[in-house]
Amino acid sequence: VQPPPPGLDGVTDREREVLLLIARGLSNTELAAHLHLSPATVKTHIGHLLAKLRARDRAQLVIAAYETGLVRPR
């Protein structure tokens, strides 16, 4: 198991997976289908990410994904 990138210490593996897909532009509906989760569960994960990363919205989550190195520009 790889350690989480700096800045994502309190984020679970599943939340990191959700964050990665948010940064790639997937909607909640697409996230739910891709991860085989209910839309409500996806919203819960996003809510946890917003709180843990102290982000106001999805845009700030995307910024966090890039700043922590979870996502790299193509």
# chains A, B, ... in the order shown; residues from 1 in each chain; ligands from 1
call {"tool": "residues_around", "arguments": {"residues": "Thr12 in chain A", "least_positions_apart": "5", "cutoff": "10 Å", "atoms": "only C-alpha atoms", "output": "list in words"}}
result
Pro4, Glu17, Val18, His45, His48 and Leu49 of chain A
call {"tool": "select_by_dssp", "arguments": {"residues": "chain A", "states": "helix (DSSP H, G or I)", "output": "ChimeraX atom specification"}}
result
/A:13-23,28-35,39-52,58-67
call {"tool": "closest_residue", "arguments": {"among": "A:Ala51, A:Ala59, A:Ala40, A:Ile46", "to": "Arg16 in chain A", "atoms": "only C-alpha atoms"}}
result
A:Ile46
call {"tool": "atom_distance", "arguments": {"atom1": "CA of Leu31 in chain A", "atom2": "CA of Arg72 in chain A"}}
result
19.5 Å
call {"tool": "residues_around", "arguments": {"residues": "range 23-28 of chain A", "least_positions_apart": "2", "cutoff": "9 Å", "atoms": "only C-alpha atoms", "output": "PyMOL selection string"}}
result
chain A and resi 18-21+30-33+39+42-43+58-59+61-66+71
